[in-house]
Structure formats: structure tokens, C-alpha cells
$ cat entry10.pdb   # PDB, C-alpha atoms and all ligand atoms
MODEL        1
ATOM      1  CA  MET A   1     111.548 146.722  92.100  1.00  0.00           C
ATOM      2  CA  ASN A   2     115.360 146.771  92.365  1.00  0.00           C
ATOM      3  CA  VAL A   3     116.720 143.222  92.175  1.00  0.00           C
ATOM      4  CA  PRO A   4     120.231 143.148  93.687  1.00  0.00           C
ATOM      5  CA  ALA A   5     123.000 141.795  91.428  1.00  0.00           C
ATOM      6  CA  PRO A   6     123.987 138.189  92.211  1.00  0.00           C
ATOM      7  CA  LEU A   7     126.833 137.850  94.691  1.00  0.00           C
ATOM      8  CA  PRO A   8     130.202 137.499  92.929  1.00  0.00           C
ATOM      9  CA  GLU A   9     132.078 134.183  92.923  1.00  0.00           C
ATOM     10  CA  GLY A  10     135.658 133.038  92.217  1.00  0.00           C
ATOM     11  CA  GLU A  11     138.225 135.614  91.053  1.00  0.00           C
ATOM     12  CA  GLU A  12     135.507 138.230  90.640  1.00  0.00           C
ATOM     13  CA  LYS A  13     134.715 137.854  94.352  1.00  0.00           C
ATOM     14  CA  VAL A  14     138.413 138.147  95.320  1.00  0.00           C
ATOM     15  CA  ARG A  15     138.693 141.434  93.359  1.00  0.00           C
ATOM     16  CA  ALA A  16     135.386 142.787  94.700  1.00  0.00           C
ATOM     17  CA  VAL A  17     136.252 141.941  98.333  1.00  0.00           C
ATOM     18  CA  ARG A  18     139.744 143.448  98.083  1.00  0.00           C
ATOM     19  CA  SER A  19     138.564 146.677  96.501  1.00  0.00           C
ATOM     20  CA  MET A  20     135.642 146.983  98.938  1.00  0.00           C
ATOM     21  CA  PHE A  21     137.930 146.677 101.980  1.00  0.00           C
ATOM     22  CA  ASP A  22     140.479 149.056 100.406  1.00  0.00           C
ATOM     23  CA  SER A  23     137.707 151.644 100.116  1.00  0.00           C
ATOM     24  CA  ILE A  24     136.175 151.263 103.600  1.00  0.00           C
ATOM     25  CA  ALA A  25     139.521 150.907 105.429  1.00  0.00           C
ATOM     26  CA  PRO A  26     139.849 154.542 106.650  1.00  0.00           C
ATOM     27  CA  ARG A  27     136.622 154.377 108.685  1.00  0.00           C
ATOM     28  CA  TYR A  28     136.430 150.603 109.227  1.00  0.00           C
ATOM     29  CA  ASP A  29     137.200 150.701 112.971  1.00  0.00           C
ATOM     30  CA  LEU A  30     134.794 153.556 113.674  1.00  0.00           C
ATOM     31  CA  VAL A  31     131.918 151.892 111.794  1.00  0.00           C
ATOM     32  CA  ASN A  32     132.615 148.562 113.523  1.00  0.00           C
ATOM     33  CA  ARG A  33     132.409 150.119 116.982  1.00  0.00           C
ATOM     34  CA  VAL A  34     129.213 151.995 116.119  1.00  0.00           C
ATOM     35  CA  LEU A  35     127.466 149.050 114.431  1.00  0.00           C
ATOM     36  CA  THR A  36     128.237 146.598 117.225  1.00  0.00           C
ATOM     37  CA  LEU A  37     127.935 149.135 120.078  1.00  0.00           C
ATOM     38  CA  ARG A  38     131.529 148.130 120.943  1.00  0.00           C
ATOM     39  CA  MET A  39     130.512 144.484 121.484  1.00  0.00           C
ATOM     40  CA  ASP A  40     133.143 143.530 118.879  1.00  0.00           C
ATOM     41  CA  VAL A  41     135.854 144.410 121.413  1.00  0.00           C
ATOM     42  CA  GLY A  42     134.572 141.731 123.838  1.00  0.00           C
ATOM     43  CA  TRP A  43     134.125 139.213 121.015  1.00  0.00           C
ATOM     44  CA  ARG A  44     137.771 139.588 120.025  1.00  0.00           C
ATOM     45  CA  ARG A  45     138.823 139.183 123.680  1.00  0.00           C
ATOM     46  CA  SER A  46     136.816 135.920 123.876  1.00  0.00           C
ATOM     47  CA  THR A  47     138.396 134.767 120.611  1.00  0.00           C
ATOM     48  CA  VAL A  48     141.936 135.159 121.931  1.00  0.00           C
ATOM     49  CA  GLU A  49     141.050 133.653 125.342  1.00  0.00           C
ATOM     50  CA  SER A  50     139.526 130.607 123.638  1.00  0.00           C
ATOM     51  CA  LEU A  51     142.928 129.708 122.175  1.00  0.00           C
ATOM     52  CA  HIS A  52     144.195 128.677 125.637  1.00  0.00           C
ATOM     53  CA  LEU A  53     147.765 129.017 124.428  1.00  0.00           C
ATOM     54  CA  PRO A  54     150.755 129.912 126.608  1.00  0.00           C
ATOM     55  CA  ALA A  55     152.294 133.394 126.362  1.00  0.00           C
ATOM     56  CA  ASP A  56     154.893 133.877 123.603  1.00  0.00           C
ATOM     57  CA  SER A  57     152.944 131.612 121.220  1.00  0.00           C
ATOM     58  CA  VAL A  58     153.201 132.532 117.547  1.00  0.00           C
ATOM     59  CA  VAL A  59     149.640 133.106 116.346  1.00  0.00           C
ATOM     60  CA  VAL A  60     148.795 133.952 112.771  1.00  0.00           C
ATOM     61  CA  ASP A  61     145.821 136.297 112.445  1.00  0.00           C
ATOM     62  CA  LEU A  62     144.241 135.649 109.061  1.00  0.00           C
ATOM     63  CA  ALA A  63     142.330 138.442 107.334  1.00  0.00           C
ATOM     64  CA  ALA A  64     143.766 140.691 110.035  1.00  0.00           C
ATOM     65  CA  GLY A  65     142.274 143.868 108.580  1.00  0.00           C
ATOM     66  CA  THR A  66     143.219 146.865 110.703  1.00  0.00           C
ATOM     67  CA  GLY A  67     144.849 144.665 113.332  1.00  0.00           C
ATOM     68  CA  ASP A  68     142.325 144.552 116.185  1.00  0.00           C
ATOM     69  CA  LEU A  69     142.899 140.839 116.838  1.00  0.00           C
ATOM     70  CA  CYS A  70     146.685 141.316 116.551  1.00  0.00           C
ATOM     71  CA  ARG A  71     146.505 143.959 119.277  1.00  0.00           C
ATOM     72  CA  GLU A  72     144.418 141.703 121.519  1.00  0.00           C
ATOM     73  CA  LEU A  73     146.858 138.822 120.908  1.00  0.00           C
ATOM     74  CA  GLN A  74     149.794 141.060 121.882  1.00  0.00           C
ATOM     75  CA  HIS A  75     147.893 142.193 124.952  1.00  0.00           C
ATOM     76  CA  ARG A  76     147.732 138.519 125.997  1.00  0.00           C
ATOM     77  CA  GLY A  77     151.492 138.110 125.486  1.00  0.00           C
ATOM     78  CA  HIS A  78     151.316 136.292 122.140  1.00  0.00           C
ATOM     79  CA  LEU A  79     153.428 136.931 119.041  1.00  0.00           C
ATOM     80  CA  PRO A  80     150.937 137.622 116.227  1.00  0.00           C
ATOM     81  CA  ILE A  81     151.594 137.844 112.508  1.00  0.00           C
ATOM     82  CA  GLY A  82     148.778 139.601 110.653  1.00  0.00           C
ATOM     83  CA  ILE A  83     147.905 138.588 107.098  1.00  0.00           C
ATOM     84  CA  ASP A  84     145.404 140.324 104.859  1.00  0.00           C
ATOM     85  CA  LEU A  85     144.603 140.661 101.173  1.00  0.00           C
ATOM     86  CA  SER A  86     143.793 144.385 101.304  1.00  0.00           C
ATOM     87  CA  TRP A  87     146.644 146.927 101.278  1.00  0.00           C
ATOM     88  CA  GLY A  88     144.158 149.563 102.382  1.00  0.00           C
ATOM     89  CA  MET A  89     143.211 147.674 105.547  1.00  0.00           C
ATOM     90  CA  LEU A  90     146.870 146.949 106.385  1.00  0.00           C
ATOM     91  CA  ALA A  91     147.820 150.578 105.757  1.00  0.00           C
ATOM     92  CA  HIS A  92     145.274 151.646 108.387  1.00  0.00           C
ATOM     93  CA  ALA A  93     146.298 148.971 110.894  1.00  0.00           C
ATOM     94  CA  ARG A  94     147.086 150.131 114.418  1.00  0.00           C
ATOM     95  CA  THR A  95     149.386 147.386 115.640  1.00  0.00           C
ATOM     96  CA  SER A  96     153.113 146.835 116.004  1.00  0.00           C
ATOM     97  CA  ALA A  97     152.726 143.188 114.914  1.00  0.00           C
ATOM     98  CA  PRO A  98     154.382 142.205 111.622  1.00  0.00           C
ATOM     99  CA  LEU A  99     151.842 142.451 108.790  1.00  0.00           C
ATOM    100  CA  VAL A 100     151.936 140.678 105.441  1.00  0.00           C
ATOM    101  CA  GLN A 101     149.811 141.289 102.373  1.00  0.00           C
ATOM    102  CA  ALA A 102     148.788 137.830 101.159  1.00  0.00           C
ATOM    103  CA  ASP A 103     145.849 135.575 100.369  1.00  0.00           C
ATOM    104  CA  ALA A 104     144.739 133.471 103.355  1.00  0.00           C
ATOM    105  CA  LEU A 105     144.243 130.591 100.921  1.00  0.00           C
ATOM    106  CA  ARG A 106     147.940 130.650  99.917  1.00  0.00           C
ATOM    107  CA  LEU A 107     149.869 131.550 103.049  1.00  0.00           C
ATOM    108  CA  PRO A 108     153.548 132.490 102.705  1.00  0.00           C
ATOM    109  CA  LEU A 109     154.378 130.415 105.801  1.00  0.00           C
ATOM    110  CA  PRO A 110     156.087 127.033 106.238  1.00  0.00           C
ATOM    111  CA  ASP A 111     154.185 123.990 107.514  1.00  0.00           C
ATOM    112  CA  GLY A 112     153.584 124.047 111.281  1.00  0.00           C
ATOM    113  CA  ALA A 113     154.861 127.643 111.593  1.00  0.00           C
ATOM    114  CA  ALA A 114     152.222 128.703 114.137  1.00  0.00           C
ATOM    115  CA  ALA A 115     150.961 127.479 117.503  1.00  0.00           C
ATOM    116  CA  GLY A 116     147.596 129.019 116.730  1.00  0.00           C
ATOM    117  CA  ALA A 117     145.485 130.991 114.291  1.00  0.00           C
ATOM    118  CA  THR A 118     142.673 133.492 114.598  1.00  0.00           C
ATOM    119  CA  CYS A 119     140.345 134.879 111.951  1.00  0.00           C
ATOM    120  CA  GLY A 120     137.758 137.595 112.553  1.00  0.00           C
ATOM    121  CA  PHE A 121     134.683 138.143 110.384  1.00  0.00           C
ATOM    122  CA  ALA A 122     136.212 136.835 107.178  1.00  0.00           C
ATOM    123  CA  LEU A 123     134.991 133.265 106.572  1.00  0.00           C
ATOM    124  CA  ARG A 124     132.248 134.532 104.256  1.00  0.00           C
ATOM    125  CA  ASN A 125     134.781 136.513 102.241  1.00  0.00           C
ATOM    126  CA  PHE A 126     136.857 133.504 101.179  1.00  0.00           C
ATOM    127  CA  VAL A 127     136.173 131.844  97.832  1.00  0.00           C
ATOM    128  CA  ASP A 128     136.983 128.345  99.085  1.00  0.00           C
ATOM    129  CA  LEU A 129     136.331 127.548 102.759  1.00  0.00           C
ATOM    130  CA  ALA A 130     137.610 123.955 102.539  1.00  0.00           C
ATOM    131  CA  GLY A 131     140.807 125.339 100.967  1.00  0.00           C
ATOM    132  CA  PHE A 132     141.099 127.866 103.787  1.00  0.00           C
ATOM    133  CA  PHE A 133     140.708 125.142 106.440  1.00  0.00           C
ATOM    134  CA  ALA A 134     143.353 123.049 104.644  1.00  0.00           C
ATOM    135  CA  GLU A 135     145.762 126.047 104.786  1.00  0.00           C
ATOM    136  CA  LEU A 136     144.949 126.454 108.500  1.00  0.00           C
ATOM    137  CA  ALA A 137     145.761 122.785 109.078  1.00  0.00           C
ATOM    138  CA  ARG A 138     149.035 123.166 107.168  1.00  0.00           C
ATOM    139  CA  VAL A 139     150.398 126.161 109.091  1.00  0.00           C
ATOM    140  CA  VAL A 140     149.111 125.284 112.587  1.00  0.00           C
ATOM    141  CA  ARG A 141     151.223 122.605 114.231  1.00  0.00           C
ATOM    142  CA  PRO A 142     149.716 119.494 115.911  1.00  0.00           C
ATOM    143  CA  GLY A 143     148.184 120.442 119.257  1.00  0.00           C
ATOM    144  CA  GLY A 144     147.806 124.054 118.059  1.00  0.00           C
ATOM    145  CA  ARG A 145     144.521 125.942 118.328  1.00  0.00           C
ATOM    146  CA  VAL A 146     142.306 127.913 115.976  1.00  0.00           C
ATOM    147  CA  ALA A 147     139.595 130.446 116.863  1.00  0.00           C
ATOM    148  CA  LEU A 148     137.330 131.758 114.130  1.00  0.00           C
ATOM    149  CA  LEU A 149     134.947 134.623 114.839  1.00  0.00           C
ATOM    150  CA  GLU A 150     131.954 135.293 112.574  1.00  0.00           C
ATOM    151  CA  VAL A 151     128.572 136.952 112.543  1.00  0.00           C
ATOM    152  CA  ALA A 152     125.570 134.727 113.303  1.00  0.00           C
ATOM    153  CA  GLN A 153     121.792 134.761 113.367  1.00  0.00           C
ATOM    154  CA  PRO A 154     120.102 134.536 116.782  1.00  0.00           C
ATOM    155  CA  ARG A 155     117.958 131.422 117.334  1.00  0.00           C
ATOM    156  CA  HIS A 156     115.230 133.106 119.385  1.00  0.00           C
ATOM    157  CA  ARG A 157     112.317 134.184 117.127  1.00  0.00           C
ATOM    158  CA  LEU A 158     111.974 137.683 118.594  1.00  0.00           C
ATOM    159  CA  LEU A 159     115.710 138.304 118.555  1.00  0.00           C
ATOM    160  CA  GLN A 160     115.788 137.032 114.968  1.00  0.00           C
ATOM    161  CA  TRP A 161     113.161 139.574 113.975  1.00  0.00           C
ATOM    162  CA  GLY A 162     114.972 142.470 115.673  1.00  0.00           C
ATOM    163  CA  HIS A 163     118.318 141.364 114.326  1.00  0.00           C
ATOM    164  CA  GLY A 164     116.877 141.107 110.791  1.00  0.00           C
ATOM    165  CA  ILE A 165     115.691 144.712 110.923  1.00  0.00           C
ATOM    166  CA  TYR A 166     118.985 145.882 112.365  1.00  0.00           C
ATOM    167  CA  PHE A 167     121.292 143.895 110.078  1.00  0.00           C
ATOM    168  CA  ASP A 168     119.343 144.189 106.818  1.00  0.00           C
ATOM    169  CA  ARG A 169     118.044 147.756 107.144  1.00  0.00           C
ATOM    170  CA  LEU A 170     119.946 149.767 109.729  1.00  0.00           C
ATOM    171  CA  VAL A 171     123.469 148.481 109.040  1.00  0.00           C
ATOM    172  CA  PRO A 172     123.403 149.554 105.346  1.00  0.00           C
ATOM    173  CA  ARG A 173     122.019 152.981 106.357  1.00  0.00           C
ATOM    174  CA  ILE A 174     124.475 153.646 109.173  1.00  0.00           C
ATOM    175  CA  GLY A 175     127.328 152.268 107.032  1.00  0.00           C
ATOM    176  CA  GLY A 176     126.217 154.541 104.201  1.00  0.00           C
ATOM    177  CA  LEU A 177     126.176 157.599 106.457  1.00  0.00           C
ATOM    178  CA  LEU A 178     129.590 156.943 107.993  1.00  0.00           C
ATOM    179  CA  SER A 179     131.368 155.175 105.136  1.00  0.00           C
ATOM    180  CA  ASP A 180     130.470 153.449 101.853  1.00  0.00           C
ATOM    181  CA  GLY A 181     126.797 152.468 101.368  1.00  0.00           C
ATOM    182  CA  ALA A 182     127.474 149.761  98.768  1.00  0.00           C
ATOM    183  CA  ALA A 183     129.947 147.986 101.053  1.00  0.00           C
ATOM    184  CA  TYR A 184     127.536 147.962 103.985  1.00  0.00           C
ATOM    185  CA  ARG A 185     124.699 146.742 101.744  1.00  0.00           C
ATOM    186  CA  TYR A 186     126.989 143.833 100.796  1.00  0.00           C
ATOM    187  CA  LEU A 187     127.694 142.985 104.453  1.00  0.00           C
ATOM    188  CA  PRO A 188     124.270 141.465 105.327  1.00  0.00           C
ATOM    189  CA  ARG A 189     124.048 139.810 101.902  1.00  0.00           C
ATOM    190  CA  SER A 190     127.467 138.168 102.284  1.00  0.00           C
ATOM    191  CA  VAL A 191     126.116 135.958 105.100  1.00  0.00           C
ATOM    192  CA  ALA A 192     124.588 133.857 102.304  1.00  0.00           C
ATOM    193  CA  TYR A 193     128.112 132.618 101.501  1.00  0.00           C
ATOM    194  CA  LEU A 194     128.336 130.787 104.848  1.00  0.00           C
ATOM    195  CA  PRO A 195     127.446 127.081 104.585  1.00  0.00           C
ATOM    196  CA  PRO A 196     125.067 125.503 107.129  1.00  0.00           C
ATOM    197  CA  LEU A 197     126.694 125.112 110.551  1.00  0.00           C
ATOM    198  CA  GLY A 198     126.991 121.298 110.352  1.00  0.00           C
ATOM    199  CA  THR A 199     128.790 121.505 107.003  1.00  0.00           C
ATOM    200  CA  LEU A 200     131.134 124.182 108.328  1.00  0.00           C
ATOM    201  CA  LEU A 201     132.091 122.199 111.427  1.00  0.00           C
ATOM    202  CA  ASP A 202     132.421 118.909 109.491  1.00  0.00           C
ATOM    203  CA  SER A 203     134.691 120.628 106.997  1.00  0.00           C
ATOM    204  CA  LEU A 204     136.968 121.917 109.794  1.00  0.00           C
ATOM    205  CA  ASP A 205     137.047 118.423 111.289  1.00  0.00           C
ATOM    206  CA  ALA A 206     137.844 116.876 107.891  1.00  0.00           C
ATOM    207  CA  ALA A 207     140.723 119.343 107.428  1.00  0.00           C
ATOM    208  CA  GLY A 208     142.407 117.921 110.540  1.00  0.00           C
ATOM    209  CA  PHE A 209     140.919 119.610 113.600  1.00  0.00           C
ATOM    210  CA  ALA A 210     139.556 117.824 116.674  1.00  0.00           C
ATOM    211  CA  GLN A 211     137.369 119.163 119.513  1.00  0.00           C
ATOM    212  CA  VAL A 212     135.595 121.384 116.997  1.00  0.00           C
ATOM    213  CA  ASP A 213     133.162 123.562 118.885  1.00  0.00           C
ATOM    214  CA  ARG A 214     130.837 126.505 118.199  1.00  0.00           C
ATOM    215  CA  ARG A 215     129.802 129.053 120.830  1.00  0.00           C
ATOM    216  CA  LEU A 216     127.255 131.804 120.340  1.00  0.00           C
ATOM    217  CA  LEU A 217     128.073 135.275 121.654  1.00  0.00           C
ATOM    218  CA  SER A 218     125.818 138.182 122.685  1.00  0.00           C
ATOM    219  CA  GLY A 219     122.510 136.351 122.306  1.00  0.00           C
ATOM    220  CA  GLY A 220     123.604 134.705 119.053  1.00  0.00           C
ATOM    221  CA  ILE A 221     124.551 137.672 116.873  1.00  0.00           C
ATOM    222  CA  ALA A 222     128.143 136.444 116.717  1.00  0.00           C
ATOM    223  CA  GLN A 223     129.707 132.982 116.829  1.00  0.00           C
ATOM    224  CA  LEU A 224     133.084 131.620 117.820  1.00  0.00           C
ATOM    225  CA  ILE A 225     134.313 128.384 116.251  1.00  0.00           C
ATOM    226  CA  THR A 226     137.311 126.682 117.834  1.00  0.00           C
ATOM    227  CA  GLY A 227     139.335 123.551 117.201  1.00  0.00           C
ATOM    228  CA  THR A 228     142.600 121.776 118.045  1.00  0.00           C
ATOM    229  CA  ARG A 229     144.979 120.597 115.328  1.00  0.00           C
ATOM    230  CA  ARG A 230     145.211 116.780 115.391  1.00  0.00           C
TER
HETATM  231  C1  LIG B 301     135.344 142.174 107.918  1.00  0.00           C
HETATM  232  S1  LIG B 301     137.063 142.379 107.735  1.00  0.00           S
HETATM  233  C2  LIG B 301     137.689 141.747 109.266  1.00  0.00           C
HETATM  234  C3  LIG B 301     138.993 142.352 109.688  1.00  0.00           C
HETATM  235  C4  LIG B 301     139.480 141.910 111.052  1.00  0.00           C
HETATM  236  N1  LIG B 301     139.716 140.471 111.092  1.00  0.00           N
HETATM  237  C5  LIG B 301     138.521 142.286 112.141  1.00  0.00           C
HETATM  238  O1  LIG B 301     138.193 141.433 112.965  1.00  0.00           O
HETATM  239  O2  LIG B 301     138.127 143.448 112.198  1.00  0.00           O
HETATM  240  C6  LIG B 301     137.443 141.082 106.605  1.00  0.00           C
HETATM  241  C7  LIG B 301     138.893 141.112 106.146  1.00  0.00           C
HETATM  242  O3  LIG B 301     139.141 139.945 105.367  1.00  0.00           O
HETATM  243  C8  LIG B 301     140.121 140.290 104.415  1.00  0.00           C
HETATM  244  N2  LIG B 301     140.153 139.234 103.386  1.00  0.00           N
HETATM  245  C9  LIG B 301     139.145 138.873 102.568  1.00  0.00           C
HETATM  246  N3  LIG B 301     139.524 137.854 101.776  1.00  0.00           N
HETATM  247  C10 LIG B 301     140.805 137.557 102.125  1.00  0.00           C
HETATM  248  C11 LIG B 301     141.747 136.588 101.686  1.00  0.00           C
HETATM  249  N4  LIG B 301     141.448 135.705 100.721  1.00  0.00           N
HETATM  250  N5  LIG B 301     142.960 136.556 102.270  1.00  0.00           N
HETATM  251  C12 LIG B 301     143.280 137.440 103.257  1.00  0.00           C
HETATM  252  N6  LIG B 301     142.429 138.393 103.704  1.00  0.00           N
HETATM  253  C13 LIG B 301     141.203 138.446 103.152  1.00  0.00           C
HETATM  254  C14 LIG B 301     139.649 141.644 103.925  1.00  0.00           C
HETATM  255  O4  LIG B 301     140.641 142.342 103.224  1.00  0.00           O
HETATM  256  C15 LIG B 301     139.269 142.301 105.261  1.00  0.00           C
HETATM  257  O5  LIG B 301     140.344 143.001 105.822  1.00  0.00           O
ENDMDL
END

$ encode --input "entry10.pdb" --output "C-alpha cells"
Amino acid sequence: MNVPAPLPEGEEKVRAVRSMFDSIAPRYDLVNRVLTLRMDVGWRRSTVESLHLPADSVVVDLAAGTGDLCRELQHRGHLPIGIDLSWGMLAHARTSAPLVQADALRLPLPDGAAAGATCGFALRNFVDLAGFFAELARVVRPGGRVALLEVAQPRHRLLQWGHGIYFDRLVPRIGGLLSDGAAYRYLPRSVAYLPPLGTLLDSLDAAGFAQVDRRLLSGGIAQLITGTRR
């Protein structure tokens, strides 16, 4: 039996994540649309709507990837700045928003620079979630909003079963056919990096966010976590 290698941690994880996204960048958008049957488009719309910020707000999109959330933010009249660790993802971005290659845990932004922040499908890629939330609290000014989109596991037993088959078996196969098999085998495994929900929400609260809330999307296969900077 093939026992998968343990998931990387620390600097090894940073290198592995960066090189994986560099390699899947050219077909990232296509694979995303196929794997989610385009539901990801609606999830990003809900993410931006949940900010409830006025037009012309500066919103930093962390782990911006190929810029989907930046485009949605612009569509809503906001002024996004996209930040990502992977040159490959940024090079394939389709957005006119300013993009910066940087680590979301060490943002090249002054305190209180943004009215809001978004982050799509990246929480499980960070090596230090509490450190990430502290950086969020530093760059988002008091009263500002954050909206964090992630994958989730449905609560309903039957949906859980179907989702398990899809996520653990089909996603690696489809990803392998259209892009890089190893990367899309890592995707379902990387969910193990996410702490239990209560810990996640408490940690966001402890970093300085009030009204912390979690909403499930599309029957619970995605989740949207929001909060307001105290
Ligand atoms: C699954 S992709 C999501 C991209 C985009 N947010 C979206 O919604 O499609 C995860 C992204 O997180 C980025 N990433 C991972 N660790 C990061 C870090 N420490 N700082 C900044 N970006 C990071 C990766 O390079 C990749 O582009």
C-alpha cells in the first residue's frame, strides 16, 4: 500500500506551496471552473458582497493568485491590491489591479492601509494562521472588514459521502488530466491543515476582529468567514 508522505510544515511548506502554484498557474482558472462547475464564481461574488464596504474602498486581496477576487472587487467599484507568493500565479493574472509578490504573513503595507481584505482558498496554505490574522489586523483599519473564503465539508451525512468521493477521488483525477496530478492530490489532503472551526473563529477574534461569523455556501462545500476590525 502507498502511504502518502507527511504534509510539509514550516519553510518546507512555503517552498512546496510556492512551487506547486507556480507549476499549476497556466491552467489554474480552467481547472477551478471545471472542478467547481463554475460555483467558485458565485462564491467570490458573495465574498466581495459580504464586505459591505462603500465603493472606492482600498481592499487588499491576500493570496490573490490569478486575480479572480481582484476582478470581482473592481467590478464592485473597489480599489484592490493583489498580493501573492507565487510569481507564476501573478504572471497569469487577468486583472488591471496592482499586484505585488509578497508573503501574506509579512505584508509590505503600512498599518491601517486598507478598508478591507479578502482571501480566497488560501488559509490552509499558510504556515501560521494566527500570524496571518495578526497581519490582517495590522493592515485593516478599525471598522474595516475581512472576508475569507475556504473549502468546507458538508454537514449532511449523504452530502458528506458524495463530497468525499468527489474531493478525494475525482478532484485528483480531473486535476491530473487537465493539469498537475501531484498538486491536485495535495488539494484534498491540505484540508487537514485547517484547525477546528471554533479554534479558527476564536483566533480571528483574538487577533482583533468582532462580529466574527461563518456562513456555509452551496450546501456546505465552501465557507465564508467574515469579521469587522475592532
Ligand atoms: C488556491 S490558490 C487561490 C488563489 C485565489 N485567491 C483564488 O481565489 O483563486 C492559493 C494561493 O495562495 C497563494 N499563497 C500561498 N501561501 C501564500 C503566502 N504565504 N503568501 C501569499 N500568498 C500565498 C498561492 O501562491 C496561491 O496563489

$ atom_distance --input "entry10.pdb" --atom1 "atom N5 of ligand LIG 301 (chain B)" --atom2 "atom CA of A:Cys70"
15.5 Å

$ axis_aligned_box --input "entry10.pdb" --around "ligand LIG 301 (chain B)" --padding-each-side "5 Å" --output "JSON"
{"center_x": 139.3, "center_y": 139.6, "center_z": 106.8, "size_x": 17.9, "size_y": 17.7, "size_z": 22.2}

$ residues_around --input "entry10.pdb" --residues "stretch 64-68 of chain A" --least-positions-apart "5" --cutoff "9 Å" --atoms "all atoms listed in the file" --output "mmCIF file with C-alpha atoms, in the coordinates of the input"
data_model
loop_
_atom_site.group_PDB
_atom_site.id
_atom_site.type_symbol
_atom_site.label_atom_id
_atom_site.label_comp_id
_atom_site.auth_asym_id
_atom_site.auth_seq_id
_atom_site.Cartn_x
_atom_site.Cartn_y
_atom_site.Cartn_z
ATOM 1 C CA PHE A 21 137.930 146.677 101.980
ATOM 2 C CA ALA A 25 139.521 150.907 105.429
ATOM 3 C CA TYR A 28 136.430 150.603 109.227
ATOM 4 C CA ASP A 29 137.200 150.701 112.971
ATOM 5 C CA VAL A 41 135.854 144.410 121.413
ATOM 6 C CA ARG A 44 137.771 139.588 120.025
ATOM 7 C CA LEU A 73 146.858 138.822 120.908
ATOM 8 C CA ILE A 81 151.594 137.844 112.508
ATOM 9 C CA GLY A 82 148.778 139.601 110.653
ATOM 10 C CA ILE A 83 147.905 138.588 107.098
ATOM 11 C CA ASP A 84 145.404 140.324 104.859
ATOM 12 C CA LEU A 85 144.603 140.661 101.173
ATOM 13 C CA SER A 86 143.793 144.385 101.304
ATOM 14 C CA GLY A 88 144.158 149.563 102.382
ATOM 15 C CA MET A 89 143.211 147.674 105.547
ATOM 16 C CA LEU A 90 146.870 146.949 106.385
ATOM 17 C CA ALA A 91 147.820 150.578 105.757
ATOM 18 C CA HIS A 92 145.274 151.646 108.387
ATOM 19 C CA ALA A 93 146.298 148.971 110.894
ATOM 20 C CA ARG A 94 147.086 150.131 114.418
ATOM 21 C CA THR A 95 149.386 147.386 115.640
ATOM 22 C CA SER A 96 153.113 146.835 116.004
ATOM 23 C CA ALA A 97 152.726 143.188 114.914
ATOM 24 C CA LEU A 99 151.842 142.451 108.790
ATOM 25 C CA THR A 118 142.673 133.492 114.598
ATOM 26 C CA CYS A 119 140.345 134.879 111.951
ATOM 27 C CA GLY A 120 137.758 137.595 112.553
ATOM 28 C CA ALA A 122 136.212 136.835 107.178
#

$ residues_around --input "entry10.pdb" --residues "stretch 146-161 of chain A" --least-positions-apart "4" --cutoff "7 Å" --atoms "only C-alpha atoms" --output "list in words"
Thr47, Ser50, Leu51, Gly116, Ala117, Thr118, Cys119, Gly120, Phe121, Ile165, Gly219, Gly220, Ile221, Ala222, Gln223, Leu224, Ile225, Thr226, Gly227 and Thr228 of chain A

$ atom_distance --input "entry10.pdb" --atom1 "atom CA of A:Val140" --atom2 "atom CA of A:Glu72"
19.3 Å

$ atom_distance --input "entry10.pdb" --atom1 "atom CA of A:Asp103" --atom2 "atom CA of A:Gly208"
20.7 Å

$ closest_residue --input "entry10.pdb" --among "A:Ser57, A:Gln74, A:Asn125, A:Ser203" --to "A:Leu105" --atoms "all atoms listed in the file"
A:Asn125

$ resolve_selection --input "entry10.pdb" --expression "the PyMOL selection byres (((chain A and resi 134) around 9) and not hetatm)" --output "number ranges by chain"
A: 105, 129-133, 135-139, 204, 206-208

$ residues_around --input "entry10.pdb" --residues "A:Ala115" --least-positions-apart "5" --cutoff "7 Å" --atoms "all atoms listed in the file" --output "list of chain:residue names"
A:Ser57, A:Val58, A:Val59, A:Val140, A:Arg141, A:Gly144, A:Arg145

$ closest_residue --input "entry10.pdb" --among "A:Asp128, A:Pro54, A:Pro110, A:Leu30" --to "A:Val14" --atoms "all atoms listed in the file"
A:Asp128

$ build_atoms --input "entry10.pdb" --residues "stretch 127-138 of chain A" --atoms "N, CA and C atoms" --output "mmCIF file, in the coordinates of the input"
data_model
loop_
_atom_site.group_PDB
_atom_site.id
_atom_site.type_symbol
_atom_site.label_atom_id
_atom_site.label_comp_id
_atom_site.auth_asym_id
_atom_site.auth_seq_id
_atom_site.Cartn_x
_atom_site.Cartn_y
_atom_site.Cartn_z
ATOM 1 N N VAL A 127 136.844 132.506 98.958
ATOM 2 C CA VAL A 127 136.173 131.844 97.832
ATOM 3 C C VAL A 127 136.095 130.330 98.030
ATOM 4 N N ASP A 128 136.922 129.798 98.934
ATOM 5 C CA ASP A 128 136.983 128.345 99.085
ATOM 6 C C ASP A 128 137.242 128.023 100.571
ATOM 7 N N LEU A 129 136.174 127.765 101.310
ATOM 8 C CA LEU A 129 136.331 127.548 102.759
ATOM 9 C C LEU A 129 137.127 126.278 103.068
ATOM 10 N N ALA A 130 136.870 125.204 102.289
ATOM 11 C CA ALA A 130 137.610 123.955 102.539
ATOM 12 C C ALA A 130 139.097 124.204 102.293
ATOM 13 N N GLY A 131 139.410 124.995 101.263
ATOM 14 C CA GLY A 131 140.807 125.339 100.967
ATOM 15 C C GLY A 131 141.413 126.163 102.094
ATOM 16 N N PHE A 132 140.614 127.051 102.672
ATOM 17 C CA PHE A 132 141.099 127.866 103.787
ATOM 18 C C PHE A 132 141.398 126.970 104.996
ATOM 19 N N PHE A 133 140.488 126.031 105.295
ATOM 20 C CA PHE A 133 140.708 125.142 106.440
ATOM 21 C C PHE A 133 141.945 124.262 106.208
ATOM 22 N N ALA A 134 142.166 123.863 104.949
ATOM 23 C CA ALA A 134 143.353 123.049 104.644
ATOM 24 C C ALA A 134 144.623 123.877 104.897
ATOM 25 N N GLU A 135 144.607 125.168 104.534
ATOM 26 C CA GLU A 135 145.762 126.047 104.786
ATOM 27 C C GLU A 135 145.974 126.220 106.293
ATOM 28 N N LEU A 136 144.861 126.357 107.028
ATOM 29 C CA LEU A 136 144.949 126.454 108.500
ATOM 30 C C LEU A 136 145.648 125.214 109.055
ATOM 31 N N ALA A 137 145.209 124.053 108.581
ATOM 32 C CA ALA A 137 145.761 122.785 109.078
ATOM 33 C C ALA A 137 147.238 122.667 108.710
ATOM 34 N N ARG A 138 147.625 123.243 107.596
ATOM 35 C CA ARG A 138 149.035 123.166 107.168
ATOM 36 C C ARG A 138 149.933 124.024 108.066
#
